[in-house]
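See structure below.
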Amino acid sequence: RPSKQGFDIVIGNPPYVEAKKLKNIASILKEPYNKISSGTADLSIYFMELGRKLLGDTGCLYFITTNKFFNTGYGKKVRKMLCEQTIISIINFEQVEVFEDVLVSSVILAFSKKNPCINNSFIYEQFYKLKAKEFRKEFILQQKDFLTYPQKYLGDGEWSFPNTSQITLKQHIEIDTTPLADIEGVKIYRGVTTGYNPAFIIDNLQKEELIQFDSHNSSIIKNMLQGRNIRKWYYNESNENLIFTRRGILINEFPAIKQHLQKFYMKLKPKTTEESTTGRKPGKYNWYEILDNTAYFKEFEVPEKVIWGLTADKWAFAYDNLRHYLPSNGYILTSSKISVKYILALLNSKLLHYYYGYIGVMTAGGAYTLKASTISALPFKLATNMKPYESIVNKILVKKSKDKLCDIREEETAIDLLVYHLYNLTYDEVLIIDSNISVTRDIYNNKITST
């Protein structure tokens with residue numbers, strides 16, 4: 001019912017269209033929908049803002065929409081807006097076959113435009129990876145007893161919906177910690193964006209041929225690892241190398257490499273416009289240069305660093321002391337103050353793996369999305385004595401260098417126990433993280449004095 005104040009109820013099922021497909025209408029949407037939308041927002045976000053605008057002061061909105069705003073950067077404004085409303089219910093569907101052979105990750109969202117009271121709790125339920133028949137059965141059963149969730153636990157940070165004990169544990173983990181990226185000396189960088197990998201990534205045979213032609217070529221051919229090469233603690237050597245023709249390079253000093261790249265000229269030249277059909281994106285770079293300026297390239301060549309892939313089927317961070325470069329789907333961490341091996345120990349611990357569940361994103365196929373912004377936000381504690389952590393990591397690296405399939409459960413358990421004690425977790429809290437912990441309550445409660 002429309003009135004001067006707006007509608008009592010707005011119901012909708014907004015379409016999902018990703019931001020890159022909206023470029024032709026982005027300028028039209030920008031002005032009227034700027035409160036909760038951003039340049040990278042998908043189309044559903046604009047509908048969310050429109051729906052709220054149409055509501056009267058006490059009106060209610062009911063949407064079936066994508067749940068991508070839970071964990072995306074552009075969703076931050078949406079999350080902030082929702083926290084300022086009275087949330088009525090959130091029914092979350094993650095990789096659920098709502099209809100036969102139709103997999104969805106979406107949410108049924110309801111909120112009132114009224115300001116929330118401090119103790120507001122809303123109906124919350126989640127369905128995860130269910131087939132159509134399983135989903136229908138579960139939905140019928142669970143709707144009889146939907147859970148409630150305190151709204152005060154939500155903010156503009158990435159949304160997850162742990163239970164009360166998990167929320168308490170999350171808050172305990174965060175006490176006296178520092179986000180990883182804020183630790184003095186720690187730097188996190190993305191790998192190299194070439195703009196066209198087939199031209200710049202070559203195999204070992206091509207590398208040898210170029211160096212045999214002119215040994216000077218070796219100065220701009222870098223050993224490379226892909227995300228798929230990275231495992232927990234270690235990596236598998238790659239047959240790939242990067243021609244690192246960064247900005248300002250004098251390509252005529254490398255005639256054989258220039259000749260190699262010229263074979264891809266039409267793919268490498270900068271486009272004159274975004275609509276051009278050939279070439280890389282428009283920009284002030286020469287056709288033979290990689291797309292990124294990569295001013296931080298020396299960070300790839302530090303004596304030691306932590307490396308990981310953007311998408312990984314397992315929780316995995318590795319140690320690199322051989323100056324490998326990574327492509328744009330990988331990340332590196334360097335540290336000038338804190339031991340890299342200490343940081344690696346914490347990153348590979350069960351505790352931070354568990355904490356990722358509060359802030360991280362999984363792909364539709366169940367893989368980890370280890371974005372720099374997510375890893376940067378992990379809560380870190382600095383031990384007074386880091387040597388026990390480094391010592392265990394050294395043992396693991398030595399064992400893996402001899403046999404990559406070796407059993408390191410004893411060493412990993414030792415690291416996990418050190419980390420649990422570092423964060424002052426109780427045994428009952430540890431059980432939430434690791435229900436199969438291999439030590440008894442009495443042993444755990446005795447302070448660790450040696451490794």
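If you're wondering about the labels, chains in the structure tokens are A, B, ... by order shown, residues count from 1 in each chain, ligands from 1 in order shown.
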*asked:* Taking only stretch 298-351 of chain A into account, list the residues labelled strand (DSSP E) by DSSP (computed from the backbone), as a list in words.
replied: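 Put together, the selection reads Lys305, Val306, Ile307, Trp308, Gly309, Thr311, Ala312, Ala318, Tyr319, Asp320, Gly330, Tyr331, Ile332, Leu333, Thr334 and Ser335 of chain A.
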Within 8 Å of stretch 351-355 of chain A, counting only C-alpha atoms, which residues show up once you throw out same-chain ones fewer than 3 positions away? Write them as an mmCIF file with all heavy atoms, in the first residue's frame, please.
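Okay, this is what ended up in part.cif:
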```
data_model
loop_
_atom_site.group_PDB
_atom_site.id
_atom_site.type_symbol
_atom_site.label_atom_id
_atom_site.label_comp_id
_atom_site.auth_asym_id
_atom_site.auth_seq_id
_atom_site.Cartn_x
_atom_site.Cartn_y
_atom_site.Cartn_z
ATOM 1 N N LYS A 170 35.376 -17.051 19.344
ATOM 2 C CA LYS A 170 35.935 -16.071 18.399
ATOM 3 C C LYS A 170 36.425 -14.836 19.146
ATOM 4 O O LYS A 170 37.533 -14.335 18.902
ATOM 5 C CB LYS A 170 34.885 -15.679 17.369
ATOM 6 C CG LYS A 170 35.337 -14.595 16.378
ATOM 7 C CD LYS A 170 34.253 -14.294 15.368
ATOM 8 C CE LYS A 170 34.698 -13.268 14.336
ATOM 9 N NZ LYS A 170 34.766 -11.897 14.874
ATOM 10 N N TRP A 315 43.748 -26.115 3.252
ATOM 11 C CA TRP A 315 44.360 -24.998 3.984
ATOM 12 C C TRP A 315 45.871 -25.173 3.894
ATOM 13 O O TRP A 315 46.442 -26.081 4.487
ATOM 14 C CB TRP A 315 43.891 -25.034 5.431
ATOM 15 C CG TRP A 315 44.362 -23.905 6.291
ATOM 16 C CD1 TRP A 315 45.335 -23.941 7.243
ATOM 17 C CD2 TRP A 315 43.851 -22.574 6.301
ATOM 18 N NE1 TRP A 315 45.471 -22.726 7.849
ATOM 19 C CE2 TRP A 315 44.572 -21.854 7.289
ATOM 20 C CE3 TRP A 315 42.871 -21.905 5.572
ATOM 21 C CZ2 TRP A 315 44.328 -20.507 7.572
ATOM 22 C CZ3 TRP A 315 42.626 -20.575 5.848
ATOM 23 C CH2 TRP A 315 43.348 -19.893 6.839
ATOM 24 N N LEU A 346 51.914 -20.298 12.640
ATOM 25 C CA LEU A 346 50.566 -19.875 13.033
ATOM 26 C C LEU A 346 49.585 -20.006 11.877
ATOM 27 O O LEU A 346 48.447 -20.443 12.064
ATOM 28 C CB LEU A 346 50.591 -18.440 13.566
ATOM 29 C CG LEU A 346 50.700 -18.315 15.090
ATOM 30 C CD1 LEU A 346 52.039 -18.857 15.585
ATOM 31 C CD2 LEU A 346 50.499 -16.884 15.558
ATOM 32 N N LEU A 347 50.014 -19.629 10.674
ATOM 33 C CA LEU A 347 49.110 -19.718 9.519
ATOM 34 C C LEU A 347 48.654 -21.153 9.267
ATOM 35 O O LEU A 347 47.502 -21.394 8.911
ATOM 36 C CB LEU A 347 49.793 -19.167 8.269
ATOM 37 C CG LEU A 347 49.856 -17.649 8.135
ATOM 38 C CD1 LEU A 347 50.707 -17.258 6.939
ATOM 39 C CD2 LEU A 347 48.465 -17.035 8.024
ATOM 40 N N ASN A 348 49.546 -22.106 9.452
ATOM 41 C CA ASN A 348 49.197 -23.504 9.203
ATOM 42 C C ASN A 348 48.580 -24.189 10.414
ATOM 43 O O ASN A 348 48.267 -25.391 10.355
ATOM 44 C CB ASN A 348 50.434 -24.291 8.749
ATOM 45 C CG ASN A 348 50.676 -24.162 7.258
ATOM 46 O OD1 ASN A 348 49.753 -23.926 6.478
ATOM 47 N ND2 ASN A 348 51.923 -24.305 6.838
ATOM 48 N N TYR A 358 35.116 -17.926 10.249
ATOM 49 C CA TYR A 358 34.315 -16.749 10.607
ATOM 50 C C TYR A 358 34.379 -15.665 9.532
ATOM 51 O O TYR A 358 33.435 -14.892 9.372
ATOM 52 C CB TYR A 358 34.820 -16.140 11.919
ATOM 53 C CG TYR A 358 34.645 -16.998 13.141
ATOM 54 C CD1 TYR A 358 35.733 -17.627 13.738
ATOM 55 C CD2 TYR A 358 33.391 -17.176 13.723
ATOM 56 C CE1 TYR A 358 35.581 -18.409 14.873
ATOM 57 C CE2 TYR A 358 33.234 -17.955 14.856
ATOM 58 C CZ TYR A 358 34.330 -18.572 15.428
ATOM 59 O OH TYR A 358 34.179 -19.354 16.545
ATOM 60 N N ILE A 359 35.490 -15.553 8.848
ATOM 61 C CA ILE A 359 35.688 -14.405 7.954
ATOM 62 C C ILE A 359 35.964 -14.790 6.509
ATOM 63 O O ILE A 359 35.977 -13.917 5.643
ATOM 64 C CB ILE A 359 36.841 -13.504 8.453
ATOM 65 C CG1 ILE A 359 38.174 -14.263 8.407
ATOM 66 C CG2 ILE A 359 36.567 -12.989 9.857
ATOM 67 C CD1 ILE A 359 39.393 -13.394 8.699
ATOM 68 N N LEU A 378 43.563 -11.965 9.770
ATOM 69 C CA LEU A 378 43.685 -13.020 10.780
ATOM 70 C C LEU A 378 44.331 -12.467 12.047
ATOM 71 O O LEU A 378 45.311 -11.714 11.973
ATOM 72 C CB LEU A 378 44.519 -14.184 10.230
ATOM 73 C CG LEU A 378 43.870 -15.013 9.122
ATOM 74 C CD1 LEU A 378 44.860 -16.015 8.566
ATOM 75 C CD2 LEU A 378 42.607 -15.720 9.609
ATOM 76 N N PRO A 379 43.800 -12.832 13.222
ATOM 77 C CA PRO A 379 44.301 -12.259 14.485
ATOM 78 C C PRO A 379 45.592 -12.938 14.939
ATOM 79 O O PRO A 379 45.603 -14.130 15.222
ATOM 80 C CB PRO A 379 43.149 -12.543 15.462
ATOM 81 C CG PRO A 379 42.501 -13.786 14.930
ATOM 82 C CD PRO A 379 42.655 -13.734 13.441
ATOM 83 N N ASP A 416 50.192 -26.955 17.153
ATOM 84 C CA ASP A 416 48.821 -26.621 17.553
ATOM 85 C C ASP A 416 48.715 -26.392 19.063
ATOM 86 O O ASP A 416 48.056 -25.448 19.511
ATOM 87 C CB ASP A 416 47.860 -27.724 17.111
ATOM 88 C CG ASP A 416 47.633 -27.737 15.610
ATOM 89 O OD1 ASP A 416 47.722 -26.656 14.999
ATOM 90 O OD2 ASP A 416 47.382 -28.818 15.050
ATOM 91 N N VAL A 419 50.136 -23.094 19.968
ATOM 92 C CA VAL A 419 49.253 -21.999 19.544
ATOM 93 C C VAL A 419 48.037 -21.900 20.466
ATOM 94 O O VAL A 419 47.627 -20.796 20.847
ATOM 95 C CB VAL A 419 48.830 -22.175 18.074
ATOM 96 C CG1 VAL A 419 47.804 -21.114 17.677
ATOM 97 C CG2 VAL A 419 50.047 -22.093 17.156
ATOM 98 N N TYR A 420 47.440 -23.023 20.841
ATOM 99 C CA TYR A 420 46.304 -22.991 21.768
ATOM 100 C C TYR A 420 46.692 -22.306 23.078
ATOM 101 O O TYR A 420 45.941 -21.487 23.613
ATOM 102 C CB TYR A 420 45.806 -24.404 22.070
ATOM 103 C CG TYR A 420 45.224 -25.148 20.892
ATOM 104 C CD1 TYR A 420 45.383 -26.537 20.780
ATOM 105 C CD2 TYR A 420 44.521 -24.495 19.886
ATOM 106 C CE1 TYR A 420 44.851 -27.238 19.711
ATOM 107 C CE2 TYR A 420 43.991 -25.191 18.815
ATOM 108 C CZ TYR A 420 44.167 -26.558 18.730
ATOM 109 O OH TYR A 420 43.642 -27.252 17.659
ATOM 110 N N ILE A 433 37.427 -26.469 18.384
ATOM 111 C CA ILE A 433 38.297 -26.393 17.206
ATOM 112 C C ILE A 433 38.728 -27.778 16.750
ATOM 113 O O ILE A 433 38.731 -28.082 15.563
ATOM 114 C CB ILE A 433 39.547 -25.536 17.524
ATOM 115 C CG1 ILE A 433 39.129 -24.105 17.860
ATOM 116 C CG2 ILE A 433 40.532 -25.555 16.352
ATOM 117 C CD1 ILE A 433 40.274 -23.244 18.361
#
```
*With only C-alpha atoms as the basis for distance, which of A:Ile173, A:Ile221, A:Leu205, A:Met362 is at the shortest distance from A:Ser105?*
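Of A:Ile173, A:Ile221, A:Leu205, A:Met362, the one nearest A:Ser105, counting only C-alpha atoms, is A:Met362.
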*Step one, run DSSP on the backbone; step two, keep only residues of stretch 100-254 of chain A assigned to helix (DSSP H, G or I); then write them as a VMD selection string.*
chain A and resid 132 to 145 151 to 153 164 to 174 180 to 182 197 to 200 204 to 213 215 to 220 227 to 229 251 to 253
*Distance of atom CA of A:Pro116 from atom CA of A:Thr58, expressed in Å to one decimal place*: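 According to the coordinates, atom CA of A:Thr58 and atom CA of A:Pro116 are separated by 11.3 Å.
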*atom CA of A:Ala318 to atom CA of A:Tyr234: how many Å, to one decimal?*
4.8 Å
Residues near stretch 235-250 of chain A, cut-off 8 Å, only C-alpha atoms, skip fewer than 3 positions along chain, as a PDB file with N, CA and C atoms, in the first residue's frame:
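This is the output file selection_36.pdb:
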```pdb
ATOM      1  N   PHE A 200      54.154 -14.764 -21.567  1.00  0.00           N
ATOM      2  CA  PHE A 200      55.173 -14.480 -20.558  1.00  0.00           C
ATOM      3  C   PHE A 200      55.580 -15.694 -19.720  1.00  0.00           C
ATOM      4  N   ILE A 201      54.767 -16.733 -19.719  1.00  0.00           N
ATOM      5  CA  ILE A 201      55.112 -17.929 -18.951  1.00  0.00           C
ATOM      6  C   ILE A 201      55.643 -18.985 -19.918  1.00  0.00           C
ATOM      7  N   ILE A 202      56.874 -19.424 -19.679  1.00  0.00           N
ATOM      8  CA  ILE A 202      57.528 -20.382 -20.565  1.00  0.00           C
ATOM      9  C   ILE A 202      57.988 -21.604 -19.765  1.00  0.00           C
ATOM     10  N   ASP A 203      58.200 -22.719 -20.447  1.00  0.00           N
ATOM     11  CA  ASP A 203      58.656 -23.922 -19.749  1.00  0.00           C
ATOM     12  C   ASP A 203      60.179 -23.947 -19.661  1.00  0.00           C
ATOM     13  N   ASN A 204      60.704 -24.959 -19.005  1.00  0.00           N
ATOM     14  CA  ASN A 204      62.153 -25.038 -18.771  1.00  0.00           C
ATOM     15  C   ASN A 204      62.945 -25.160 -20.068  1.00  0.00           C
ATOM     16  N   LYS A 207      63.188 -21.807 -21.599  1.00  0.00           N
ATOM     17  CA  LYS A 207      64.118 -21.020 -20.780  1.00  0.00           C
ATOM     18  C   LYS A 207      65.564 -21.345 -21.152  1.00  0.00           C
ATOM     19  N   ILE A 220      66.156 -11.759 -16.570  1.00  0.00           N
ATOM     20  CA  ILE A 220      64.722 -11.401 -16.528  1.00  0.00           C
ATOM     21  C   ILE A 220      63.821 -12.625 -16.692  1.00  0.00           C
ATOM     22  N   ILE A 221      64.402 -13.818 -16.560  1.00  0.00           N
ATOM     23  CA  ILE A 221      63.582 -15.038 -16.545  1.00  0.00           C
ATOM     24  C   ILE A 221      63.586 -15.573 -15.120  1.00  0.00           C
ATOM     25  N   LYS A 222      62.424 -15.621 -14.495  1.00  0.00           N
ATOM     26  CA  LYS A 222      62.317 -15.939 -13.077  1.00  0.00           C
ATOM     27  C   LYS A 222      61.643 -17.295 -12.862  1.00  0.00           C
ATOM     28  N   ASN A 223      62.173 -18.053 -11.893  1.00  0.00           N
ATOM     29  CA  ASN A 223      61.505 -19.296 -11.505  1.00  0.00           C
ATOM     30  C   ASN A 223      60.106 -18.979 -10.997  1.00  0.00           C
ATOM     31  N   MET A 224      59.135 -19.795 -11.354  1.00  0.00           N
ATOM     32  CA  MET A 224      57.745 -19.486 -11.024  1.00  0.00           C
ATOM     33  C   MET A 224      57.036 -20.683 -10.411  1.00  0.00           C
ATOM     34  N   LEU A 225      56.129 -20.382  -9.496  1.00  0.00           N
ATOM     35  CA  LEU A 225      55.236 -21.389  -8.932  1.00  0.00           C
ATOM     36  C   LEU A 225      53.797 -20.955  -9.158  1.00  0.00           C
ATOM     37  N   GLN A 226      52.949 -21.881  -9.505  1.00  0.00           N
ATOM     38  CA  GLN A 226      51.513 -21.627  -9.593  1.00  0.00           C
ATOM     39  C   GLN A 226      50.866 -22.050  -8.276  1.00  0.00           C
ATOM     40  N   ASN A 229      50.919 -25.662  -7.379  1.00  0.00           N
ATOM     41  CA  ASN A 229      52.169 -26.268  -6.922  1.00  0.00           C
ATOM     42  C   ASN A 229      52.337 -26.201  -5.410  1.00  0.00           C
ATOM     43  N   ILE A 230      51.526 -25.372  -4.761  1.00  0.00           N
ATOM     44  CA  ILE A 230      51.730 -25.090  -3.341  1.00  0.00           C
ATOM     45  C   ILE A 230      50.960 -26.076  -2.472  1.00  0.00           C
ATOM     46  N   ARG A 231      51.662 -26.646  -1.520  1.00  0.00           N
ATOM     47  CA  ARG A 231      51.083 -27.563  -0.547  1.00  0.00           C
ATOM     48  C   ARG A 231      51.300 -26.975   0.849  1.00  0.00           C
ATOM     49  N   LYS A 232      50.791 -27.654   1.851  1.00  0.00           N
ATOM     50  CA  LYS A 232      51.003 -27.211   3.220  1.00  0.00           C
ATOM     51  C   LYS A 232      52.463 -27.438   3.597  1.00  0.00           C
ATOM     52  N   GLU A 253      67.804  -4.850 -25.507  1.00  0.00           N
ATOM     53  CA  GLU A 253      68.949  -5.518 -24.895  1.00  0.00           C
ATOM     54  C   GLU A 253      68.717  -7.027 -24.791  1.00  0.00           C
ATOM     55  N   PHE A 254      67.488  -7.450 -25.097  1.00  0.00           N
ATOM     56  CA  PHE A 254      67.128  -8.871 -25.013  1.00  0.00           C
ATOM     57  C   PHE A 254      66.470  -9.299 -26.331  1.00  0.00           C
ATOM     58  N   TYR A 285      51.618   1.415 -21.119  1.00  0.00           N
ATOM     59  CA  TYR A 285      52.692   0.435 -21.041  1.00  0.00           C
ATOM     60  C   TYR A 285      53.032  -0.006 -22.460  1.00  0.00           C
ATOM     61  N   ASN A 286      54.253  -0.476 -22.639  1.00  0.00           N
ATOM     62  CA  ASN A 286      54.680  -0.966 -23.950  1.00  0.00           C
ATOM     63  C   ASN A 286      54.185  -2.390 -24.164  1.00  0.00           C
ATOM     64  N   TYR A 288      55.503  -5.090 -24.916  1.00  0.00           N
ATOM     65  CA  TYR A 288      56.329  -6.193 -24.427  1.00  0.00           C
ATOM     66  C   TYR A 288      56.445  -6.214 -22.900  1.00  0.00           C
ATOM     67  N   GLU A 289      55.836  -5.253 -22.216  1.00  0.00           N
ATOM     68  CA  GLU A 289      55.918  -5.185 -20.765  1.00  0.00           C
ATOM     69  C   GLU A 289      54.767  -5.944 -20.110  1.00  0.00           C
ATOM     70  N   ILE A 290      55.023  -6.502 -18.926  1.00  0.00           N
ATOM     71  CA  ILE A 290      53.930  -7.115 -18.189  1.00  0.00           C
ATOM     72  C   ILE A 290      52.945  -6.029 -17.775  1.00  0.00           C
ATOM     73  N   ASP A 292      51.257  -5.439 -14.877  1.00  0.00           N
ATOM     74  CA  ASP A 292      51.492  -4.807 -13.579  1.00  0.00           C
ATOM     75  C   ASP A 292      52.762  -3.982 -13.607  1.00  0.00           C
ATOM     76  N   ASN A 293      52.743  -2.864 -12.897  1.00  0.00           N
ATOM     77  CA  ASN A 293      53.982  -2.124 -12.677  1.00  0.00           C
ATOM     78  C   ASN A 293      54.891  -2.927 -11.742  1.00  0.00           C
ATOM     79  N   THR A 294      54.263  -3.607 -10.751  1.00  0.00           N
ATOM     80  CA  THR A 294      54.970  -4.476  -9.799  1.00  0.00           C
ATOM     81  C   THR A 294      56.196  -3.779  -9.216  1.00  0.00           C
ATOM     82  N   ALA A 318      53.021 -22.267   2.393  1.00  0.00           N
ATOM     83  CA  ALA A 318      54.322 -22.912   2.209  1.00  0.00           C
ATOM     84  C   ALA A 318      55.468 -21.930   2.437  1.00  0.00           C
ATOM     85  N   TYR A 319      56.625 -22.510   2.669  1.00  0.00           N
ATOM     86  CA  TYR A 319      57.855 -21.749   2.890  1.00  0.00           C
ATOM     87  C   TYR A 319      58.670 -21.750   1.603  1.00  0.00           C
ATOM     88  N   TYR A 325      58.816 -16.471  -8.154  1.00  0.00           N
ATOM     89  CA  TYR A 325      57.763 -15.510  -8.460  1.00  0.00           C
ATOM     90  C   TYR A 325      56.438 -16.275  -8.526  1.00  0.00           C
TER      91      TYR A 325
END
```
*Please provide the set of residues having any atom within 9 Å of stretch 146-155 of chain A, restricted to only C-alpha atoms, with same-chain residues fewer than 3 positions apart removed, written as a list of chain:residue names.*
A:Lys76, A:Arg79, A:Lys80, A:Leu82, A:Cys83, A:Thr86, A:Ile87, A:Ser89, A:Pro116, A:Ile118, A:Asn119, A:Asn120, A:Ser121, A:Phe122, A:Ile123, A:Tyr124, A:Glu125, A:Gln142, A:Gln143, A:Glu158, A:Trp159, A:Ser160, A:Phe161, A:Asn163, A:Thr164, A:Ile167
Output N, CA, C and O atoms for every residue in that selection, as a tab-separated table (two decimals), in the first residue's frame.
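Once everything was written out, this is part_1.tsv:
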```
chain	number	residue	atom	x	y	z
A	76	LYS	N	30.13	-4.63	2.02
A	76	LYS	CA	30.30	-3.98	3.33
A	76	LYS	C	29.23	-2.92	3.60
A	76	LYS	O	28.67	-2.85	4.69
A	79	ARG	N	25.95	-4.67	4.41
A	79	ARG	CA	25.96	-5.22	5.77
A	79	ARG	C	25.76	-4.10	6.80
A	79	ARG	O	25.02	-4.27	7.77
A	80	LYS	N	26.41	-2.98	6.57
A	80	LYS	CA	26.25	-1.84	7.49
A	80	LYS	C	24.81	-1.35	7.48
A	80	LYS	O	24.22	-1.09	8.54
A	82	LEU	N	22.07	-3.05	6.72
A	82	LEU	CA	21.19	-4.04	7.34
A	82	LEU	C	21.30	-4.00	8.86
A	82	LEU	O	20.30	-4.22	9.56
A	83	CYS	N	22.48	-3.73	9.36
A	83	CYS	CA	22.66	-3.65	10.82
A	83	CYS	C	21.92	-2.46	11.42
A	83	CYS	O	21.65	-2.42	12.62
A	86	THR	N	15.90	-3.37	11.50
A	86	THR	CA	15.52	-4.49	12.35
A	86	THR	C	15.43	-5.74	11.47
A	86	THR	O	14.48	-5.88	10.68
A	87	ILE	N	16.41	-6.61	11.57
A	87	ILE	CA	16.40	-7.83	10.76
A	87	ILE	C	15.34	-8.78	11.32
A	87	ILE	O	15.29	-9.03	12.53
A	89	SER	N	14.44	-11.96	9.53
A	89	SER	CA	14.87	-13.34	9.30
A	89	SER	C	15.91	-13.39	8.19
A	89	SER	O	15.91	-12.55	7.28
A	116	PRO	N	16.78	-0.97	14.98
A	116	PRO	CA	16.73	-2.18	15.80
A	116	PRO	C	16.87	-1.86	17.29
A	116	PRO	O	17.59	-0.94	17.67
A	118	ILE	N	18.33	-2.98	20.97
A	118	ILE	CA	19.64	-3.54	21.29
A	118	ILE	C	19.60	-5.06	21.45
A	118	ILE	O	20.59	-5.75	21.20
A	119	ASN	N	18.45	-5.59	21.83
A	119	ASN	CA	18.35	-7.03	22.07
A	119	ASN	C	17.63	-7.78	20.94
A	119	ASN	O	17.17	-8.90	21.13
A	120	ASN	N	17.55	-7.14	19.76
A	120	ASN	CA	16.83	-7.80	18.68
A	120	ASN	C	17.50	-9.11	18.26
A	120	ASN	O	18.72	-9.17	18.06
A	121	SER	N	16.71	-10.16	18.15
A	121	SER	CA	17.16	-11.43	17.60
A	121	SER	C	16.27	-11.77	16.41
A	121	SER	O	15.08	-11.47	16.43
A	122	PHE	N	16.84	-12.37	15.40
A	122	PHE	CA	16.07	-12.69	14.20
A	122	PHE	C	16.12	-14.19	13.93
A	122	PHE	O	16.99	-14.91	14.44
A	123	ILE	N	15.17	-14.66	13.15
A	123	ILE	CA	15.15	-16.07	12.74
A	123	ILE	C	16.32	-16.32	11.80
A	123	ILE	O	16.56	-15.55	10.86
A	124	TYR	N	17.06	-17.36	12.08
A	124	TYR	CA	18.18	-17.71	11.21
A	124	TYR	C	18.22	-19.23	11.00
A	124	TYR	O	18.09	-20.00	11.95
A	125	GLU	N	18.39	-19.61	9.74
A	125	GLU	CA	18.61	-21.02	9.44
A	125	GLU	C	19.48	-21.13	8.20
A	125	GLU	O	19.45	-20.24	7.33
A	142	GLN	N	13.11	-28.37	9.65
A	142	GLN	CA	13.77	-27.30	10.38
A	142	GLN	C	12.89	-26.08	10.58
A	142	GLN	O	13.06	-25.34	11.54
A	143	GLN	N	11.94	-25.86	9.69
A	143	GLN	CA	11.14	-24.65	9.84
A	143	GLN	C	10.23	-24.72	11.07
A	143	GLN	O	9.70	-23.71	11.53
A	158	GLU	N	32.77	-9.18	7.38
A	158	GLU	CA	32.19	-10.33	6.67
A	158	GLU	C	31.33	-11.16	7.62
A	158	GLU	O	31.67	-11.37	8.78
A	159	TRP	N	30.19	-11.62	7.10
A	159	TRP	CA	29.20	-12.30	7.94
A	159	TRP	C	29.39	-13.82	7.94
A	159	TRP	O	29.56	-14.46	6.90
A	160	SER	N	29.38	-14.37	9.13
A	160	SER	CA	29.20	-15.81	9.33
A	160	SER	C	28.23	-15.91	10.50
A	160	SER	O	27.98	-14.93	11.19
A	161	PHE	N	27.69	-17.09	10.74
A	161	PHE	CA	26.66	-17.21	11.76
A	161	PHE	C	26.96	-18.34	12.73
A	161	PHE	O	26.28	-19.36	12.76
A	163	ASN	N	27.32	-20.32	16.43
A	163	ASN	CA	26.46	-20.36	17.60
A	163	ASN	C	27.09	-19.58	18.75
A	163	ASN	O	28.21	-19.07	18.63
A	164	THR	N	26.39	-19.49	19.87
A	164	THR	CA	26.84	-18.65	20.97
A	164	THR	C	28.22	-19.06	21.48
A	164	THR	O	29.08	-18.20	21.73
A	167	ILE	N	30.78	-17.91	19.05
A	167	ILE	CA	30.98	-16.47	19.12
A	167	ILE	C	31.89	-16.12	20.29
A	167	ILE	O	32.81	-15.30	20.18
```
_Point-to-point distance from atom CA of A:Asp313 to atom CA of A:Glu412, Å rounded to tenths_ = 19.1 Å
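Remark: for A:Leu344, the closest of the candidate residues A:Tyr444, A:Phe111, A:Trp233, A:Phe93 is A:Trp233 (distances computed over only C-alpha atoms).
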_All residues 10 Å or closer to A:Val340, only C-alpha atoms, same chain fewer than 3 positions away omitted, as a PyMOL selection string_ = chain A and resi 186+304-306+319-320+333-337+343-345+390
With N, CA and C atoms retained, could you export that selection as a compact mmCIF listing (two decimals), in the first residue's frame?
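Generated file (selection34.txt):
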```txt
# COMPACT_ATOMS: atom_id res chain seq x y z
N VAL A 186 55.58 -6.76 8.39
CA VAL A 186 54.89 -7.75 7.56
C VAL A 186 54.30 -7.08 6.32
N GLU A 304 63.64 -15.39 2.28
CA GLU A 304 62.59 -16.32 2.66
C GLU A 304 61.25 -15.61 2.71
N LYS A 305 60.20 -16.35 2.37
CA LYS A 305 58.86 -15.79 2.37
C LYS A 305 57.84 -16.90 2.52
N VAL A 306 56.60 -16.52 2.85
CA VAL A 306 55.47 -17.44 2.86
C VAL A 306 54.71 -17.26 1.56
N TYR A 319 56.62 -22.51 2.67
CA TYR A 319 57.86 -21.75 2.89
C TYR A 319 58.67 -21.75 1.60
N ASP A 320 59.16 -20.57 1.20
CA ASP A 320 59.97 -20.47 -0.01
C ASP A 320 61.24 -19.69 0.29
N LEU A 333 54.08 -13.39 1.37
CA LEU A 333 54.20 -12.62 2.62
C LEU A 333 55.67 -12.56 2.97
N THR A 334 56.16 -11.35 3.22
CA THR A 334 57.53 -11.18 3.69
C THR A 334 57.50 -10.47 5.03
N SER A 335 58.56 -10.60 5.79
CA SER A 335 58.62 -9.98 7.11
C SER A 335 60.06 -9.56 7.42
N SER A 336 60.23 -8.30 7.75
CA SER A 336 61.56 -7.78 8.07
C SER A 336 61.83 -7.75 9.57
N LYS A 337 60.80 -8.02 10.37
CA LYS A 337 60.94 -7.94 11.84
C LYS A 337 60.69 -9.27 12.52
N ILE A 343 55.54 -17.04 11.61
CA ILE A 343 54.27 -16.68 10.96
C ILE A 343 53.70 -17.89 10.24
N LEU A 344 54.55 -18.66 9.57
CA LEU A 344 54.10 -19.85 8.86
C LEU A 344 53.48 -20.86 9.83
N ALA A 345 54.10 -21.02 11.01
CA ALA A 345 53.57 -21.96 12.00
C ALA A 345 52.15 -21.59 12.39
N GLU A 390 59.79 -22.03 15.53
CA GLU A 390 60.74 -22.12 14.42
C GLU A 390 61.39 -23.50 14.38
```
*Find the residues near A:Ala181: any atom within 7 Å, counting only C-alpha atoms, skip ones fewer than 3 places away on the same chain, and give them as an NGL selection string.*
:A and (186-187 or 376-377)
Go ahead and write the selection's residues with C-alpha atoms as a JSON list (two decimals), in the first residue's frame.
```
[["chain", "number", "residue", "atom", "x", "y", "z"],
["A", 186, "VAL", "CA", 54.89, -7.75, 7.56],
["A", 187, "LYS", "CA", 54.00, -7.18, 3.91],
["A", 376, "SER", "CA", 45.55, -9.89, 6.41],
["A", 377, "ALA", "CA", 42.72, -9.81, 8.94]]
```
